[in-house]
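S.K.: Dropping a structure here in structure tokens format, bear with me for questions.
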There are 2 protein chains.
Amino acid sequence: MSLGSWRMRPSLRQFPKATSLELLPVKDGVDQIHRSTLPTALVDSLRQLIVEGELAPGSKVNEAALCARFDVSRTPLREALRTLETEGLIVLRPRRGAMVAEFTQAELDQAFPVLAALEALAGELACPNLTDADLNRARALQEELEASWRDGDLHRYGAANAETHALILNAAENPTLTRSVRTLDARVRRARVLVNMAPSRWAAAVAEHRDILAAMEARDAARLSTVLKRHITNKLLSLRAQLRERGEG
Amino acid sequence: MSLGSWRMRPSLRQFPKATSLELLPVKDGVDQIHRSTLPTALVDSLRQLIVEGELAPGSKVNEAALCARFDVSRTPLREALRTLETEGLIVLRPRRGAMVAEFTQAELDQAFPVLAALEALAGELACPNLTDADLNRARALQEELEASWRDGDLHRYGAANAETHALILNAAENPTLTRSVRTLDARVRRARVLVNMAPSRWAAAVAEHRDILAAMEARDAARLSTVLKRHITNKLLSLRAQLRERGEG
DNA sequence: CTTTTGTATTTTGTATACAGAATTCGGATC
DNA sequence: GATCCGAATTCTGTATACAAAATACAAAAG
């Protein structure tokens, strides 16, 4: 049986490798993969290209070039661009085509209070739902964070960090919230690719994660909320400082 | 001169009547209207149909029927559906077409803490930016609220209410926040069409708006934030109660 | 009468065609 | 050399074409 990949051209087959955000469960059916369509796959692929900086902020997106690259026609590509426009990663100017959304200082400044507020809310909502399994996983992730920090393994650290936040978001059991955070996070994550985390910030982040874990273990919603808000705020303040420095240097 | 409506078929010409959310400034250029494209216009039209309940939650969306109704081909219609899917108003199941997103109790329960948190943030950010002109407008709107309440004019009240919230959101000067609120608000607004505001709630809402105005006049960010959060929470709690009642009755 | 199976119809996903705007580029003018 | 104009080219917006999946439906089997 052909797995229902009707008319799907070969090159995209390899693309649906999930970004960290896609790790969050979608829960719609077991056989989702078979049913994925070109626009959906393209959204994931393009988002990854944008978030990882391969498609640079402000650069013009050439439809024909992307069609050739992914070996698809313009129809599904354009649908994907519409989705990314709504997510804020692409800007579509009528009759002038698509550009990768600029990534300005101002945008970061805008995004981070929103993200901080939403993550704080996530913590608040998550607390009463935290299972023992969640806490065990959180403890394991904390060890992973500490270990990868000691080893200076930024990539491993990033993965554990992302999973910790995803764990809290999942425990909040609020898909609407998850969706909002996802969208914003994709926009902010682009900055993280541009600059590496400063060593001092890294140490602070690990310490903050200890506080987060402690609040989770205490199932103290107010405290978890506060700590998460501070954590996100600090992270983004540091990011901003580095971006500014980089902009001047 | 043809206003640049190249190949645009006549029936859509009349559609871009803005919903209350579209009142928020977009600031991209003066000649936006000339440049609008079919998918953009369709998004507005369809969103209105969904928010106003003409396209009922859970109902299947027939592409061909909508194409006929708006006299457009499937290409722009499908792009519009992708946008609405990203906004959460449409659910696209591969190979099974589009449905209007269900509007469940659960969804409302999810949306409202998020919306409350975001509106609270808006108030906090808006306070330092409030100009005297903003305050004057807010006072005028408060009078409008009180007058339409006394006259029992729900429609007029709704307009003044929407403008008040838009004013605060605008003063927050955070397009990222505005975008998030917009999206969520469209989803929640569908509920408001289903049930009329209860008289007791209406009186309470007017009183809460007085508090909001007072906090604005005092330029007290913390208080405005608190009051707004309570206002949104109360509004949605009442909505939920009425929906539940209606569901049982 | 219910269930099943096979077939006709509808609908969806994708590719392609085509008109008109936007952009590019070479030459003419200052 | 810079600026303006117009033709050539590229790109965008939309419509249409077509194959495969989904659905509806009717006849056959139990």
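Chain lettering (A, B, ...) mirrors the order of the structure tokens, residue numbering begins at 1 for each chain separately, and ligand numbering begins at 1 in order of display.
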Which polymer residues have any atom within 7 Å of an atom of B:Glu124, counting only C-alpha atoms (C1' of nucleotides), with same-chain residues fewer than 6 positions away left out, as a ChimeraX atom specification?
M.R.: /B:221-222,224-225
S.K.: Enumerate, as a PyMOL selection string, the complete set of residues in stretch 55-238 of chain A that a backbone-based DSSP assignment places in helix (DSSP H, G or I).
M.R.: chain A and resi 63-70+74-87+105-129+132-151+154-171+175-194+199-217+221-238
S.K.: Using only C-alpha atoms (C1' of nucleotides), I'd like every residue of chain C that has an atom within 10 Å of chain A; please write them out as a list in words.
M.R.: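 So the contacting residues turn out to be DG13, DT14, DA15, DT16, DA21, DA22 and DT23 of chain C.
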S.K.: Take the residues from that selection and write them out as a PDB file, in the first residue's frame, keeping C-alpha atoms (C1' of nucleotides).
M.R.:
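selection.pdb written:
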ATOM      1  C1'  DG C  13      -5.091  18.507  -3.321  1.00  0.00           C
ATOM      2  C1'  DT C  14      -2.105  19.926  -6.569  1.00  0.00           C
ATOM      3  C1'  DA C  15      -0.459  21.532 -11.025  1.00  0.00           C
ATOM      4  C1'  DT C  16      -0.714  24.578 -14.665  1.00  0.00           C
ATOM      5  C1'  DA C  21       1.324  44.499 -12.173  1.00  0.00           C
ATOM      6  C1'  DA C  22       6.028  45.210 -10.662  1.00  0.00           C
ATOM      7  C1'  DT C  23      10.733  45.214 -11.652  1.00  0.00           C
TER       8       DT C  23
END
S.K.: Taking only C-alpha atoms into account, report as a PyMOL selection string which residues of chain A lie within 7 Å of chain B.
M.R.: chain A and resi 35-37+79+82-83+86+94+110-111+114+117+174+176-177
S.K.: Kindly provide the residues of chain D that approach chain B to within 9 Å, each paired with its closest atom pair and their distance in Å to one decimal, based on only C-alpha atoms (C1' of nucleotides), listed by chain and increasing number, as a Markdown table.
M.R.:
| residue | atom | partner | partner_atom | distance |
| --- | --- | --- | --- | --- |
| D:DG13 | C1' | B:Thr37 | CA | 7.8 |
| D:DT14 | C1' | B:Thr75 | CA | 7.0 |
| D:DA15 | C1' | B:Ser73 | CA | 6.1 |
| D:DT16 | C1' | B:Ser73 | CA | 8.6 |
| D:DA21 | C1' | B:Arg95 | CA | 6.8 |
| D:DA22 | C1' | B:Arg96 | CA | 7.0 |
S.K.: Create the file for the chosen residues now, containing C-alpha atoms (C1' of nucleotides) and written as a short mmCIF file (atom, residue, chain, number, x, y, z; two decimals), in the first residue's frame.
M.R.:
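Writing the result to selection.cif gives the following:
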data_model
loop_
_atom_site.label_atom_id
_atom_site.label_comp_id
_atom_site.auth_asym_id
_atom_site.auth_seq_id
_atom_site.Cartn_x
_atom_site.Cartn_y
_atom_site.Cartn_z
"C1'" DG D 13 -3.11 36.94 -8.35
"C1'" DT D 14 -6.56 34.23 -9.97
"C1'" DA D 15 -8.90 30.73 -12.68
"C1'" DT D 16 -9.10 26.31 -14.36
"C1'" DA D 21 -9.67 10.28 -1.99
"C1'" DA D 22 -13.99 10.61 0.24
#
S.K.: Just the number, please: distance in Å from atom C1' of D:DC25 to atom C1' of C:DG6, one decimal.
M.R.: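 Distance between the two atoms: 10.5 Å.
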S.K.: Write out as a list in words each polymer residue whose atoms come within 12 Å of A:Gly58, counting only C-alpha atoms (C1' of nucleotides); drop sequence neighbours fewer than 4 positions from it.
M.R.: Ile50, Gly53, Glu54, Leu89, Ile90, Val91, Leu92, Ala98, Met99, Val100, Ala101, Glu102, Phe103 and Thr104 of chain A
S.K.: Go ahead and write the selection's residues with C-alpha atoms as a tab-separated table (two decimals), in the first residue's frame.
M.R.:
chain	number	residue	atom	x	y	z
A	50	ILE	CA	13.00	31.05	9.07
A	53	GLY	CA	17.86	31.96	10.01
A	54	GLU	CA	18.44	30.31	6.68
A	89	LEU	CA	6.86	35.10	10.33
A	90	ILE	CA	6.13	36.25	6.80
A	91	VAL	CA	4.92	39.57	5.50
A	92	LEU	CA	2.80	39.47	2.39
A	98	ALA	CA	6.47	37.73	0.37
A	99	MET	CA	9.27	38.72	2.69
A	100	VAL	CA	10.56	37.13	5.83
A	101	ALA	CA	9.34	39.36	8.63
A	102	GLU	CA	11.95	41.73	9.90
A	103	PHE	CA	13.34	40.91	13.24
A	104	THR	CA	13.72	44.22	14.93
S.K.: According to DSSP computed on the backbone, where in stretch 92-181 of chain B is there strand (DSSP E or B)? Give the residues as a list in words.
M.R.: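 Restricting stretch 92-181 of chain B to strand (DSSP E or B) produces Leu92, Arg93, Gly97, Ala98, Met99 and Val100 of chain B.
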S.K.: Keeping only C-alpha atoms, write those residues as a PDB file, in the first residue's frame.
M.R.:
ATOM      1  CA  LEU B  92      -8.966  21.866   8.142  1.00  0.00           C
ATOM      2  CA  ARG B  93      -8.875  18.112   8.087  1.00  0.00           C
ATOM      3  CA  GLY B  97     -12.430  19.598   3.978  1.00  0.00           C
ATOM      4  CA  ALA B  98     -13.019  22.548   6.217  1.00  0.00           C
ATOM      5  CA  MET B  99     -15.351  22.943   9.152  1.00  0.00           C
ATOM      6  CA  VAL B 100     -16.136  25.950  11.267  1.00  0.00           C
TER       7      VAL B 100
END
S.K.: Please, what distance in Å, to one decimal, runs between atom CA of A:Arg69 and atom CA of A:Val51?
M.R.: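 About the pair atom CA of A:Arg69 and atom CA of A:Val51: they are 17.8 Å apart.
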S.K.: Find the residues near C:DC30: any atom within 12 Å, counting only C-alpha atoms (C1' of nucleotides), skip ones fewer than 3 places away on the same chain, and give them as a PDB file with C-alpha atoms (C1' of nucleotides), in the first residue's frame.
M.R.:
ATOM      1  C1'  DG D   1      27.733  60.802 -14.488  1.00  0.00           C
ATOM      2  C1'  DA D   2      22.918  61.064 -13.005  1.00  0.00           C
ATOM      3  C1'  DT D   3      18.061  60.909 -14.269  1.00  0.00           C
ATOM      4  C1'  DC D   4      14.252  59.667 -16.924  1.00  0.00           C
TER       5       DC D   4
END
